[in-house]
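Data block for work-v4.tsv (TSV, C-alpha atoms):
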chain	number	residue	atom	x	y	z
L	1	MET	CA	121.79	77.55	-10.71
L	2	PRO	CA	119.46	80.60	-10.54
L	3	ALA	CA	118.27	81.55	-7.05
L	4	ILE	CA	114.67	80.65	-6.28
L	5	ASP	CA	112.24	82.04	-3.70
L	6	LEU	CA	110.17	79.59	-1.68
L	7	ALA	CA	107.31	79.28	0.77
L	8	TYR	CA	107.01	76.13	2.84
L	9	LEU	CA	105.27	74.54	5.81
L	10	ALA	CA	107.45	73.22	8.62
L	11	GLN	CA	106.64	72.39	12.23
L	12	ARG	CA	103.06	73.55	11.65
L	13	LYS	CA	104.27	77.04	10.68
L	14	LEU	CA	104.37	78.97	7.41
L	15	HIS	CA	107.85	80.09	6.31
L	16	LEU	CA	109.03	82.38	3.52
L	17	HIS	CA	112.50	82.06	1.97
L	18	LYS	CA	113.47	85.06	-0.17
L	19	ASN	CA	116.90	86.29	-1.25
L	20	GLY	CA	118.54	83.66	0.91
L	21	VAL	CA	116.73	84.80	4.08
L	22	THR	CA	114.05	82.74	5.83
L	23	ARG	CA	111.38	84.17	8.11
L	24	THR	CA	108.27	82.78	9.78
L	25	LEU	CA	104.88	84.26	8.87
L	26	GLU	CA	102.32	84.54	11.65
L	27	SER	CA	98.63	83.97	10.95
L	28	GLU	CA	96.12	86.38	12.47
L	29	PHE	CA	93.52	83.60	12.60
L	30	GLU	CA	95.92	81.32	14.46
L	31	ARG	CA	96.78	84.10	16.91
L	32	MET	CA	93.09	84.70	17.64
L	33	VAL	CA	92.44	80.99	18.21
L	34	ARG	CA	95.40	80.70	20.56
L	35	GLU	CA	94.30	83.75	22.53
L	36	ARG	CA	90.76	82.37	22.81
L	37	THR	CA	92.11	78.98	23.95
L	38	ALA	CA	94.34	80.65	26.54
L	39	SER	CA	91.40	82.70	27.80
L	40	ILE	CA	89.25	79.59	28.22
L	41	GLU	CA	92.08	77.83	30.02
L	42	ARG	CA	92.50	80.73	32.43
L	43	ARG	CA	88.80	80.59	33.27
L	44	ASN	CA	89.02	76.85	33.92
L	45	SER	CA	92.41	76.82	35.62
L	46	TRP	CA	90.81	76.12	39.01
L	47	LYS	CA	90.10	72.58	37.79
L	48	THR	CA	93.79	71.71	37.44
L	49	HIS	CA	95.24	73.80	40.26
L	50	GLY	CA	94.67	73.95	43.97
L	51	ARG	CA	91.80	72.17	45.70
L	52	GLY	CA	89.71	71.87	42.51
L	53	ALA	CA	92.22	69.42	41.09
L	54	MET	CA	91.58	66.97	43.93
L	55	PHE	CA	88.17	66.03	42.56
L	56	GLN	CA	89.22	65.16	39.00
L	57	GLY	CA	91.36	62.07	39.48
L	58	ALA	CA	94.33	61.04	37.37
L	59	ALA	CA	92.35	60.59	34.15
L	60	GLY	CA	90.86	64.07	34.34
L	61	LEU	CA	94.22	65.62	35.14
L	62	ALA	CA	95.86	63.82	32.23
L	63	GLN	CA	93.16	65.08	29.85
L	64	GLN	CA	93.68	68.64	31.04
L	65	GLN	CA	97.45	68.33	30.52
L	66	ALA	CA	96.89	66.97	27.00
L	67	ALA	CA	94.56	69.87	26.20
L	68	LEU	CA	97.20	72.34	27.28
L	69	GLN	CA	99.82	70.69	25.07
L	70	GLN	CA	97.62	70.45	21.97
L	71	THR	CA	98.22	72.86	19.11
L	72	PRO	CA	94.85	74.45	18.28
L	73	VAL	CA	95.44	75.27	14.58
L	74	LEU	CA	96.88	73.24	11.70
L	75	ILE	CA	97.86	74.53	8.25
L	76	THR	CA	96.80	71.91	5.70
L	77	GLY	CA	97.64	73.45	2.33
L	78	LEU	CA	99.65	76.15	0.59
L	79	THR	CA	99.45	77.67	-2.90
L	80	LEU	CA	100.10	80.86	-4.82
L	81	ALA	CA	97.64	83.76	-4.81
L	82	PRO	CA	97.30	86.71	-7.21
L	83	GLU	CA	99.69	89.64	-7.04
L	84	GLY	CA	102.36	87.97	-4.95
L	85	GLY	CA	100.12	86.67	-2.18
L	86	LEU	CA	99.69	83.25	-0.62
L	87	LEU	CA	96.62	81.05	-0.14
L	88	TYR	CA	96.50	78.47	2.60
L	89	SER	CA	93.94	76.29	4.36
L	90	MET	CA	93.78	75.98	8.14
L	91	GLU	CA	91.64	74.02	10.53
L	92	THR	CA	90.82	73.55	14.19
L	93	ASP	CA	88.87	70.79	15.90
L	94	SER	CA	85.61	72.49	14.96
L	95	ILE	CA	86.14	74.58	11.81
L	96	SER	CA	88.27	74.85	8.68
L	97	GLY	CA	88.77	77.57	6.11
L	98	ILE	CA	90.80	79.05	3.26
L	99	PHE	CA	92.76	82.23	3.87
L	100	LEU	CA	94.42	84.79	1.62
L	101	ARG	CA	97.58	86.60	2.68
L	102	ASP	CA	98.34	89.50	0.34
L	103	ALA	CA	101.77	90.91	-0.48
L	104	ALA	CA	101.42	93.41	2.39
L	105	GLY	CA	100.88	90.59	4.90
L	106	VAL	CA	97.16	91.21	5.50
L	107	GLU	CA	95.20	88.00	6.09
L	108	THR	CA	91.60	87.58	4.87
L	109	ARG	CA	89.31	84.60	5.45
L	110	LEU	CA	87.78	83.59	2.09
L	111	PHE	CA	85.83	80.48	3.03
L	112	HIS	CA	85.01	78.60	6.22
L	113	THR	CA	82.83	75.67	7.23
L	114	ALA	CA	82.15	73.38	10.16
L	115	ASP	CA	80.47	70.69	8.01
L	116	PHE	CA	83.72	69.17	6.70
L	117	ARG	CA	87.45	69.91	6.44
L	118	ILE	CA	88.61	71.96	3.46
L	119	ARG	CA	92.25	71.29	2.54
L	120	HIS	CA	94.88	71.50	-0.21
L	121	ALA	CA	93.49	74.49	-2.12
L	122	ALA	CA	95.03	75.28	-5.53
L	123	LEU	CA	94.27	78.40	-7.58
L	124	HIS	CA	93.58	78.22	-11.33
L	125	SER	CA	95.58	80.49	-13.63
L	126	ASP	CA	92.41	82.53	-14.22
L	127	GLY	CA	92.82	83.76	-10.63
L	128	ALA	CA	89.15	83.12	-9.90
L	129	THR	CA	88.65	79.37	-9.28
L	130	LEU	CA	89.95	77.15	-6.50
L	131	ALA	CA	90.22	73.38	-6.45
L	132	ALA	CA	90.45	71.80	-3.00
L	133	THR	CA	90.00	68.63	-0.96
L	134	ALA	CA	86.74	68.28	0.99
L	135	PHE	CA	87.28	65.72	3.75
L	136	HIS	CA	84.18	64.25	5.43
L	137	LYS	CA	85.16	62.88	8.81
L	138	ASP	CA	81.78	61.26	9.50
L	139	SER	CA	82.06	58.93	6.50
L	140	MET	CA	85.88	58.91	6.27
L	141	ARG	CA	86.06	59.91	2.62
L	142	SER	CA	87.18	62.96	0.65
L	143	ASN	CA	86.25	64.52	-2.69
L	144	ILE	CA	87.66	67.16	-5.00
L	145	ALA	CA	85.71	70.40	-4.77
L	146	LEU	CA	85.58	73.60	-6.83
L	147	LEU	CA	84.79	77.03	-5.41
L	148	PRO	CA	85.32	80.65	-6.44
L	149	LEU	CA	88.14	82.66	-4.93
L	150	HIS	CA	85.57	85.22	-3.78
L	151	GLY	CA	82.07	83.88	-3.22
L	152	THR	CA	80.12	81.02	-1.69
L	153	ASP	CA	79.31	78.80	-4.69
L	154	PHE	CA	80.73	75.40	-3.70
L	155	SER	CA	80.47	72.03	-5.48
L	156	GLU	CA	82.09	68.63	-5.07
L	157	VAL	CA	83.07	67.34	-8.51
L	158	THR	CA	84.13	63.80	-7.58
L	159	GLU	CA	82.16	61.24	-5.62
L	160	GLY	CA	82.23	57.66	-4.46
L	161	ASP	CA	83.74	55.79	-1.54
L	162	SER	CA	87.28	57.06	-2.04
L	163	PHE	CA	89.97	59.41	-0.79
L	164	ASP	CA	90.45	62.01	-3.55
L	165	GLN	CA	93.09	64.52	-2.48
L	166	LEU	CA	95.71	67.12	-3.42
L	167	PRO	CA	94.30	68.58	-6.66
L	168	ALA	CA	96.63	70.55	-8.94
L	169	TRP	CA	95.57	72.57	-11.98
L	170	ILE	CA	97.11	71.75	-15.35
L	171	PRO	CA	98.43	74.89	-17.11
L	172	GLY	CA	96.89	75.76	-20.47
L	173	GLU	CA	93.41	76.17	-21.87
L	174	GLY	CA	90.37	74.85	-20.06
L	175	ARG	CA	89.98	73.76	-16.46
L	176	ARG	CA	91.68	70.44	-15.85
L	177	VAL	CA	93.06	69.06	-12.59
L	178	VAL	CA	95.13	66.06	-11.58
L	179	PHE	CA	94.78	64.48	-8.16
L	180	GLN	CA	95.56	61.33	-6.21
L	181	SER	CA	92.81	58.86	-5.40
L	182	ALA	CA	92.55	55.74	-3.24
L	183	GLY	CA	89.61	53.44	-2.70
L	184	VAL	CA	88.25	53.10	0.85
L	185	GLY	CA	88.10	49.65	2.41
L	186	ARG	CA	85.35	48.91	4.92
L	187	ASP	CA	84.48	46.02	7.22
L	188	ALA	CA	81.18	44.11	7.28
L	189	ALA	CA	79.62	46.84	9.43
L	190	GLY	CA	80.62	49.57	6.98
L	191	ASN	CA	83.34	51.01	9.21
L	192	PHE	CA	86.52	52.44	7.75
L	193	ALA	CA	89.16	49.70	7.49
L	194	GLY	CA	91.92	51.21	5.33
L	195	LEU	CA	92.87	52.59	1.93
L	196	GLY	CA	93.81	50.92	-1.32
L	197	PRO	CA	96.81	52.03	-3.40
L	198	CYS	CA	96.81	55.65	-4.57
L	199	THR	CA	96.51	56.24	-8.31
L	200	ILE	CA	96.50	59.46	-10.33
L	201	HIS	CA	93.40	60.81	-12.08
L	202	ARG	CA	92.76	63.71	-14.46
L	203	LEU	CA	89.46	65.58	-14.36
L	204	ASP	CA	88.14	67.98	-16.99
L	205	ALA	CA	86.03	70.32	-14.85
L	206	ASP	CA	84.25	71.73	-17.92
L	207	SER	CA	83.16	68.46	-19.55
L	208	GLY	CA	83.14	66.24	-16.47
L	209	ASP	CA	85.44	63.65	-18.10
L	210	LEU	CA	87.47	61.67	-15.57
L	211	ASP	CA	90.39	59.37	-16.44
L	212	GLU	CA	92.96	57.36	-14.53
L	213	ILE	CA	96.31	58.36	-16.03
L	214	ALA	CA	98.87	56.58	-13.81
L	215	ALA	CA	98.83	53.47	-11.62
L	216	GLU	CA	101.38	50.86	-10.55
L	217	ASP	CA	100.90	47.53	-8.80
L	218	GLY	CA	102.05	47.65	-5.19
L	219	LYS	CA	102.78	51.41	-5.32
L	220	ASP	CA	101.24	54.62	-4.06
L	221	LEU	CA	101.43	57.51	-6.54
L	222	LEU	CA	101.14	60.83	-4.68
L	223	GLN	CA	100.98	64.62	-5.13
L	224	PRO	CA	100.72	64.73	-8.95
L	225	ARG	CA	101.69	67.76	-11.04
L	226	GLU	CA	101.20	67.96	-14.80
L	227	THR	CA	102.90	70.60	-16.94
L	228	GLU	CA	101.44	72.23	-20.04
L	229	ASP	CA	103.36	69.89	-22.36
L	230	GLY	CA	101.88	66.83	-20.63
L	231	THR	CA	104.85	65.90	-18.46
L	232	LEU	CA	103.64	64.26	-15.26
L	233	TYR	CA	105.49	64.49	-11.93
L	234	TYR	CA	104.56	62.52	-8.82
L	235	ILE	CA	105.95	60.77	-5.76
L	236	ARG	CA	106.11	56.99	-5.94
L	237	LYS	CA	106.41	54.89	-2.80
L	238	PRO	CA	105.62	51.32	-1.72
L	239	TYR	CA	101.97	50.75	-0.89
L	240	GLU	CA	101.22	50.02	2.76
L	241	SER	CA	97.63	49.18	3.64
L	242	GLY	CA	98.05	49.96	7.32
L	243	ALA	CA	95.91	46.96	8.24
L	244	PRO	CA	97.36	44.97	11.16
L	245	GLN	CA	98.63	41.49	10.37
L	246	VAL	CA	97.24	38.87	12.77
L	247	SER	CA	99.34	35.78	13.35
L	248	LEU	CA	99.79	33.06	15.97
L	249	VAL	CA	103.38	34.16	16.61
L	250	GLY	CA	102.25	37.75	17.11
L	251	SER	CA	99.55	36.71	19.56
L	252	MET	CA	102.03	34.61	21.56
L	253	LYS	CA	104.44	37.54	21.61
L	254	ASP	CA	101.71	39.85	22.92
L	255	ALA	CA	100.92	37.39	25.71
L	256	ALA	CA	104.58	37.08	26.70
L	257	LEU	CA	105.06	40.85	26.77
L	258	PHE	CA	101.86	41.56	28.71
L	259	PRO	CA	103.54	41.81	32.18
L	260	PHE	CA	106.17	44.22	30.88
L	261	ARG	CA	103.58	46.41	29.14
L	262	MET	CA	101.48	46.46	32.32
L	263	ALA	CA	104.53	47.57	34.32
L	264	ARG	CA	105.16	50.32	31.80
L	265	ALA	CA	101.54	51.48	32.06
L	266	ILE	CA	101.85	51.69	35.86
L	267	LEU	CA	105.07	53.69	35.51
L	268	GLN	CA	103.37	56.12	33.11
L	269	TYR	CA	100.48	56.45	35.59
L	270	PHE	CA	102.85	57.76	38.25
L	271	ASN	CA	104.73	59.78	35.63
L	272	ILE	CA	101.54	61.82	35.06
L	273	PHE	CA	101.42	62.77	38.74
L	274	SER	CA	105.07	63.77	38.67
L	275	MET	CA	104.48	66.03	35.66
L	276	ILE	CA	101.43	67.66	37.27
L	277	TYR	CA	102.84	68.32	40.73
L	278	THR	CA	106.56	68.86	40.03
L	279	GLY	CA	106.67	69.76	36.35
L	280	LYS	CA	109.28	67.03	35.78
L	281	PRO	CA	108.82	63.51	34.38
L	282	LEU	CA	109.99	60.40	36.20
L	283	VAL	CA	111.34	59.03	32.93
L	284	THR	CA	113.68	60.98	30.67
L	285	ASN	CA	115.58	60.17	27.52
L	286	LYS	CA	119.31	60.24	28.35
L	287	GLY	CA	118.65	62.81	31.04
L	288	ALA	CA	116.71	65.19	28.81
L	289	VAL	CA	113.09	66.14	29.43
L	290	GLN	CA	110.92	64.61	26.72
L	291	ARG	CA	108.78	66.93	24.62
L	292	PRO	CA	105.10	65.98	24.38
L	293	VAL	CA	103.74	64.91	21.01
L	294	ASP	CA	100.84	66.86	19.57
L	295	PRO	CA	98.08	64.27	18.96
L	296	ARG	CA	96.94	65.89	15.70
L	297	GLN	CA	100.52	66.14	14.46
L	298	ALA	CA	100.90	62.42	15.11
L	299	LEU	CA	97.71	61.84	13.11
L	300	ILE	CA	99.05	63.78	10.12
L	301	TYR	CA	102.33	61.88	10.10
L	302	GLY	CA	100.76	58.59	11.11
L	303	ASN	CA	100.98	57.25	7.57
L	304	LEU	CA	104.73	57.99	7.63
L	305	ALA	CA	105.45	56.00	10.79
L	306	HIS	CA	107.33	53.27	8.94
L	307	ALA	CA	109.02	55.69	6.56
L	308	MET	CA	110.51	57.72	9.41
L	309	ARG	CA	112.76	54.93	10.62
L	310	GLN	CA	116.34	56.05	10.16
L	311	GLN	CA	118.67	54.20	7.85
L	312	PRO	CA	122.14	53.44	9.25
L	313	GLY	CA	125.02	55.04	7.40
L	314	ASP	CA	122.92	57.78	5.80
L	315	GLU	CA	124.08	61.26	6.82
L	316	ASP	CA	121.00	63.06	5.48
L	317	GLN	CA	118.27	61.07	7.17
L	318	GLY	CA	115.21	63.14	6.37
L	319	LEU	CA	111.79	61.74	7.18
L	320	VAL	CA	111.34	59.19	4.40
L	321	ARG	CA	113.19	56.26	2.94
L	322	SER	CA	114.95	56.17	-0.40
L	323	SER	CA	111.98	54.17	-1.71
L	324	TRP	CA	110.04	57.48	-1.80
L	325	GLU	CA	110.95	58.61	-5.31
L	326	LEU	CA	110.15	61.78	-7.25
L	327	VAL	CA	109.21	60.54	-10.70
L	328	ARG	CA	108.92	62.35	-14.04
L	329	LYS	CA	107.01	60.84	-16.95
L	330	ARG	CA	107.14	62.67	-20.26
L	331	PRO	CA	104.40	62.16	-22.90
L	332	GLY	CA	104.95	58.81	-24.58
L	333	GLY	CA	107.99	58.11	-22.43
L	334	ARG	CA	108.80	55.95	-19.45
L	335	ALA	CA	108.86	57.05	-15.84
L	336	GLU	CA	112.28	58.23	-14.67
L	337	THR	CA	113.47	58.98	-11.15
L	338	VAL	CA	114.44	62.62	-10.54
L	339	ALA	CA	115.32	62.29	-6.84
L	340	THR	CA	114.89	59.88	-3.94
L	341	LYS	CA	113.75	60.38	-0.35
L	342	VAL	CA	111.14	62.96	-1.42
L	343	LEU	CA	108.28	63.89	0.89
L	344	ALA	CA	107.02	66.99	-0.95
L	345	PHE	CA	107.86	68.87	-4.15
L	346	ASP	CA	106.92	71.62	-6.58
L	347	VAL	CA	107.75	72.29	-10.23
L	348	ALA	CA	109.12	75.67	-11.33
L	349	GLY	CA	109.78	75.66	-15.09
L	350	GLU	CA	112.83	73.47	-15.70
L	351	GLN	CA	113.61	73.29	-12.00
L	352	VAL	CA	112.13	70.95	-9.40
L	353	VAL	CA	112.02	71.90	-5.73
L	354	HIS	CA	111.81	68.94	-3.36
L	355	SER	CA	112.13	68.12	0.32
L	356	ASN	CA	112.94	65.03	2.35
L	357	GLY	CA	111.33	66.61	5.41
L	358	ALA	CA	114.62	67.90	6.83
L	359	SER	CA	115.84	70.09	3.96
L	360	ILE	CA	114.76	71.62	0.65
L	361	THR	CA	116.74	70.98	-2.53
L	362	VAL	CA	116.51	72.49	-6.02
L	363	THR	CA	117.29	70.19	-8.97
L	364	GLY	CA	117.86	71.75	-12.38
L	365	ALA	CA	117.19	70.42	-15.87
L	366	ASP	CA	120.83	69.26	-16.04
L	367	GLY	CA	120.35	67.07	-12.98
L	368	ASN	CA	122.53	69.17	-10.71
L	369	SER	CA	121.12	69.76	-7.24
L	370	GLU	CA	121.63	72.41	-4.58
L	371	ARG	CA	120.34	72.37	-1.01
L	372	VAL	CA	118.82	75.77	-0.21
L	373	VAL	CA	116.99	75.34	3.13
L	374	GLU	CA	117.41	73.17	6.20
L	375	GLY	CA	114.65	72.67	8.77
L	376	GLU	CA	112.48	70.17	10.64
L	377	LEU	CA	109.24	68.46	9.62
L	378	ILE	CA	109.02	70.20	6.23
L	379	GLU	CA	105.76	68.87	4.80
L	380	ARG	CA	104.96	71.24	1.91
L	381	VAL	CA	107.07	73.33	-0.51
L	382	LEU	CA	105.99	76.02	-2.95
L	383	ALA	CA	108.15	77.76	-5.59
L	384	LEU	CA	107.32	81.46	-5.85
Produce structure tokens that represent the structure in this file.
Amino acid sequence: MPAIDLAYLAQRKLHLHKNGVTRTLESEFERMVRERTASIERRNSWKTHGRGAMFQGAAGLAQQQAALQQTPVLITGLTLAPEGGLLYSMETDSISGIFLRDAAGVETRLFHTADFRIRHAALHSDGATLAATAFHKDSMRSNIALLPLHGTDFSEVTEGDSFDQLPAWIPGEGRRVVFQSAGVGRDAAGNFAGLGPCTIHRLDADSGDLDEIAAEDGKDLLQPRETEDGTLYYIRKPYESGAPQVSLVGSMKDAALFPFRMARAILQYFNIFSMIYTGKPLVTNKGAVQRPVDPRQALIYGNLAHAMRQQPGDEDQGLVRSSWELVRKRPGGRAETVATKVLAFDVAGEQVVHSNGASITVTGADGNSERVVEGELIERVLAL
């Protein structure tokens, strides 16, 4: 199988795999944000150290500890750029943007905004037009947006109460994109209550025509890619609404477990003080100090909480179950499974690059597969 070069996102970092060697690429924007955060923390350190800490109480101290542990920058998309470069989107709590990293490693900010979160940028073959996700946190919805690679002209080309995400350009003439879309469910007060099943749509950006091209009952269809000959690739997994199921048995169970959960809360209360004043937790996992969880990382993987449960007897656990399938559907044909336990993928000619979150595998047209990279929390792969 021919060797293939890759870029991928893992553990919130951008990695480049070329000629069998993997290295981590540092972002200048991320470095600046971290330095600014560290500077602010140094100026406010009196609040969490010495006599100043006495006036905050346990809640204030816990919030300060959480702020210190929080990763300030997230990479939310990755795609190819002209002349061997990379395009990626990044965001903080207050701003998001699209960045270009050229072949020499120089990073340039192309677009930024504080009004919404810009994610999942993809560059058209003309090298001039980007398609991206515009996520509006205030209304909990997202649309597909188009913007120039260099410039400020920005327009959202889908609308409605839905989550439209992960656009991908279709090779060939014209400007057509495929993307996943899910309807937003709301309660009587209009608050966000969950998402419906994800389906796949195709948009002609020139004519405005919009069609649903793939949907299955009880399934989510994710991360679509369409080749020039009309072959459609996507991830298929069981649909989970995420809405809690209320039952009498569950309520009785909650009541019975209340004393134990209260005892655990009290233990965690004293655990905070131990961490602050001694640097060591009262509770460890088999004697090892537990690593804190980044709240925003938990949010990103929140929809994978059930999928991450390990399956006994499976040596290559990954992050998702075997019910997460990479599917290929040729024009006029039926959907066929290319691989299972797929969290992310990319198409490179006759080869498909896919990841289960713990490794990256290349599958050829003959069906033979080869594992090329191993890692942790691999959430995005890109064939170069």
Record the distance separating atom CA of His15 of chain L and atom CA of Ala134 of chain L, expressed in Å with one decimal.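 A separation of 24.8 Å between them.
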In Å, how far is it from atom CA of Leu74 of chain L to atom CA of Arg12 of chain L?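 Atom-to-atom, atom CA of Leu74 of chain L to atom CA of Arg12 of chain L, that is 6.2 Å.
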Excluding segment 361-377 of chain L and its own-chain neighbours fewer than 3 positions away, which residues fall within 9 Å of it when counting all atoms listed in the file? Please give them as a VMD selection string. chain L and resid 1 3 to 4 9 to 12 17 20 22 318 to 319 338 to 339 350 to 358
Which residue out of L:Leu232, L:Val381, L:Ala38, L:Ala81 has the minimum interatomic distance to Leu343 of chain L when all atoms listed in the file are used? L:Val381
Closest-contact table, segment 101-148 of chain L side, partner segment 165-179 of chain L, 10 Å, counting all atoms listed in the file, as JSON lines:
{"residue": "L:Arg119", "atom": "CA", "partner": "L:Leu166", "partner_atom": "CA", "distance": 8.1}
{"residue": "L:His120", "atom": "CA", "partner": "L:Leu166", "partner_atom": "CA", "distance": 5.5}
{"residue": "L:Ala121", "atom": "CA", "partner": "L:Pro167", "partner_atom": "CA", "distance": 7.5}
{"residue": "L:Ala122", "atom": "CA", "partner": "L:Ala168", "partner_atom": "CA", "distance": 6.0}
{"residue": "L:Leu123", "atom": "CA", "partner": "L:Trp169", "partner_atom": "CA", "distance": 7.4}
{"residue": "L:His124", "atom": "CA", "partner": "L:Trp169", "partner_atom": "CA", "distance": 6.0}
{"residue": "L:Ser125", "atom": "CA", "partner": "L:Pro171", "partner_atom": "CA", "distance": 7.2}
{"residue": "L:Asp126", "atom": "CA", "partner": "L:Arg175", "partner_atom": "CA", "distance": 9.4}
{"residue": "L:Thr129", "atom": "CA", "partner": "L:Arg175", "partner_atom": "CA", "distance": 9.2}
{"residue": "L:Leu130", "atom": "CA", "partner": "L:Trp169", "partner_atom": "CA", "distance": 9.1}
{"residue": "L:Ala131", "atom": "CA", "partner": "L:Pro167", "partner_atom": "CA", "distance": 6.3}
{"residue": "L:Ala132", "atom": "CA", "partner": "L:Pro167", "partner_atom": "CA", "distance": 6.2}
{"residue": "L:Thr133", "atom": "CA", "partner": "L:Gln165", "partner_atom": "CA", "distance": 5.4}
{"residue": "L:Ala134", "atom": "CA", "partner": "L:Gln165", "partner_atom": "CA", "distance": 8.2}
{"residue": "L:Phe135", "atom": "CA", "partner": "L:Gln165", "partner_atom": "CA", "distance": 8.6}
{"residue": "L:Arg141", "atom": "CA", "partner": "L:Gln165", "partner_atom": "CA", "distance": 9.8}
{"residue": "L:Ser142", "atom": "CA", "partner": "L:Gln165", "partner_atom": "CA", "distance": 6.9}
{"residue": "L:Asn143", "atom": "CA", "partner": "L:Gln165", "partner_atom": "CA", "distance": 6.8}
{"residue": "L:Ile144", "atom": "CA", "partner": "L:Gln165", "partner_atom": "CA", "distance": 6.5}
{"residue": "L:Ala145", "atom": "CA", "partner": "L:Pro167", "partner_atom": "CA", "distance": 9.0}
Could you tell me how far atom CA of Arg328 of chain L lies from atom CA of Glu156 of chain L, in Å and to one decimal?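 Going from atom CA of Arg328 of chain L over to atom CA of Glu156 of chain L covers 29.0 Å.
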Counting only C-alpha atoms, which residue out of L:Leu14, L:Met32, L:Leu25, L:Leu221 sits closest to Val106 of chain L? L:Leu25
Selected residue, from L:Ala214, L:Val320, L:Ala114, L:Glu325, that lies nearest to Ile378 of chain L when counting only C-alpha atoms: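 Of L:Ala214, L:Val320, L:Ala114, L:Glu325, the one nearest Ile378 of chain L is L:Val320, counting only C-alpha atoms.
Distances from L:Asn191, L:Ser181, L:Thr227, L:Thr337 to Leu210 of chain L were compared using only C-alpha atoms, and the smallest one belongs to L:Ser181.
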Might I get the box with edges along x, y and z of the file that holds all atoms of segment 163-174 of chain L listed there, padded by 5 Å on every side, given as centre and edge lengths in Å to one decimal, as lines of an AutoDock Vina configuration file?
center_x = 94.2
center_y = 67.8
center_z = -11.3
size_x = 18.5
size_y = 26.8
size_z = 31.1
For Gly194 of chain L, which residue among L:Asp206, L:Glu159, L:Glu240, L:Asp229 is the nearest when counting all atoms listed in the file?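 Of all the options, L:Glu240 lies closest to Gly194 of chain L.
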Using only C-alpha atoms, which of L:Pro238, L:Phe345, L:Leu78, L:Arg225 sits nearest Lys329 of chain L?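 The closest residue to Lys329 of chain L is L:Arg225.
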Do you know which residues are at most 8 Å from Ile235 of chain L counting all atoms listed in the file, after dropping those on the same chain fewer than 6 positions away, and could you put them as a ChimeraX atom specification? /L:220-224,324-327,342-344
Reconstruct N, CA and C atoms of segment 199-211 of chain L from the incomplete input and present them as an mmCIF file, keeping the file's coordinate frame.
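Below is the file rebuild.cif, written as the result:
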data_model
loop_
_atom_site.group_PDB
_atom_site.id
_atom_site.type_symbol
_atom_site.label_atom_id
_atom_site.label_comp_id
_atom_site.auth_asym_id
_atom_site.auth_seq_id
_atom_site.Cartn_x
_atom_site.Cartn_y
_atom_site.Cartn_z
ATOM 1 N N THR L 199 96.259 56.074 -6.880
ATOM 2 C CA THR L 199 96.510 56.240 -8.310
ATOM 3 C C THR L 199 96.277 57.697 -8.676
ATOM 4 N N ILE L 200 96.607 58.058 -9.906
ATOM 5 C CA ILE L 200 96.500 59.460 -10.330
ATOM 6 C C ILE L 200 95.395 59.581 -11.377
ATOM 7 N N HIS L 201 94.532 60.576 -11.190
ATOM 8 C CA HIS L 201 93.400 60.810 -12.080
ATOM 9 C C HIS L 201 93.474 62.238 -12.636
ATOM 10 N N ARG L 202 92.884 62.384 -13.829
ATOM 11 C CA ARG L 202 92.760 63.710 -14.460
ATOM 12 C C ARG L 202 91.267 63.984 -14.667
ATOM 13 N N LEU L 203 90.859 65.183 -14.235
ATOM 14 C CA LEU L 203 89.460 65.580 -14.360
ATOM 15 C C LEU L 203 89.356 66.835 -15.205
ATOM 16 N N ASP L 204 88.481 66.787 -16.216
ATOM 17 C CA ASP L 204 88.140 67.980 -16.990
ATOM 18 C C ASP L 204 86.911 68.597 -16.316
ATOM 19 N N ALA L 205 87.120 69.713 -15.611
ATOM 20 C CA ALA L 205 86.030 70.320 -14.850
ATOM 21 C C ALA L 205 84.947 70.897 -15.741
ATOM 22 N N ASP L 206 85.241 71.163 -17.009
ATOM 23 C CA ASP L 206 84.250 71.730 -17.920
ATOM 24 C C ASP L 206 83.357 70.652 -18.522
ATOM 25 N N SER L 207 83.948 69.532 -18.921
ATOM 26 C CA SER L 207 83.160 68.460 -19.550
ATOM 27 C C SER L 207 82.742 67.378 -18.565
ATOM 28 N N GLY L 208 83.432 67.288 -17.429
ATOM 29 C CA GLY L 208 83.140 66.240 -16.470
ATOM 30 C C GLY L 208 83.870 64.938 -16.727
ATOM 31 N N ASP L 209 84.698 64.877 -17.777
ATOM 32 C CA ASP L 209 85.440 63.650 -18.100
ATOM 33 C C ASP L 209 86.478 63.364 -17.023
ATOM 34 N N LEU L 210 86.551 62.097 -16.616
ATOM 35 C CA LEU L 210 87.470 61.670 -15.570
ATOM 36 C C LEU L 210 88.224 60.439 -16.045
ATOM 37 N N ASP L 211 89.568 60.478 -15.975
ATOM 38 C CA ASP L 211 90.390 59.370 -16.440
ATOM 39 C C ASP L 211 91.484 59.061 -15.428
#
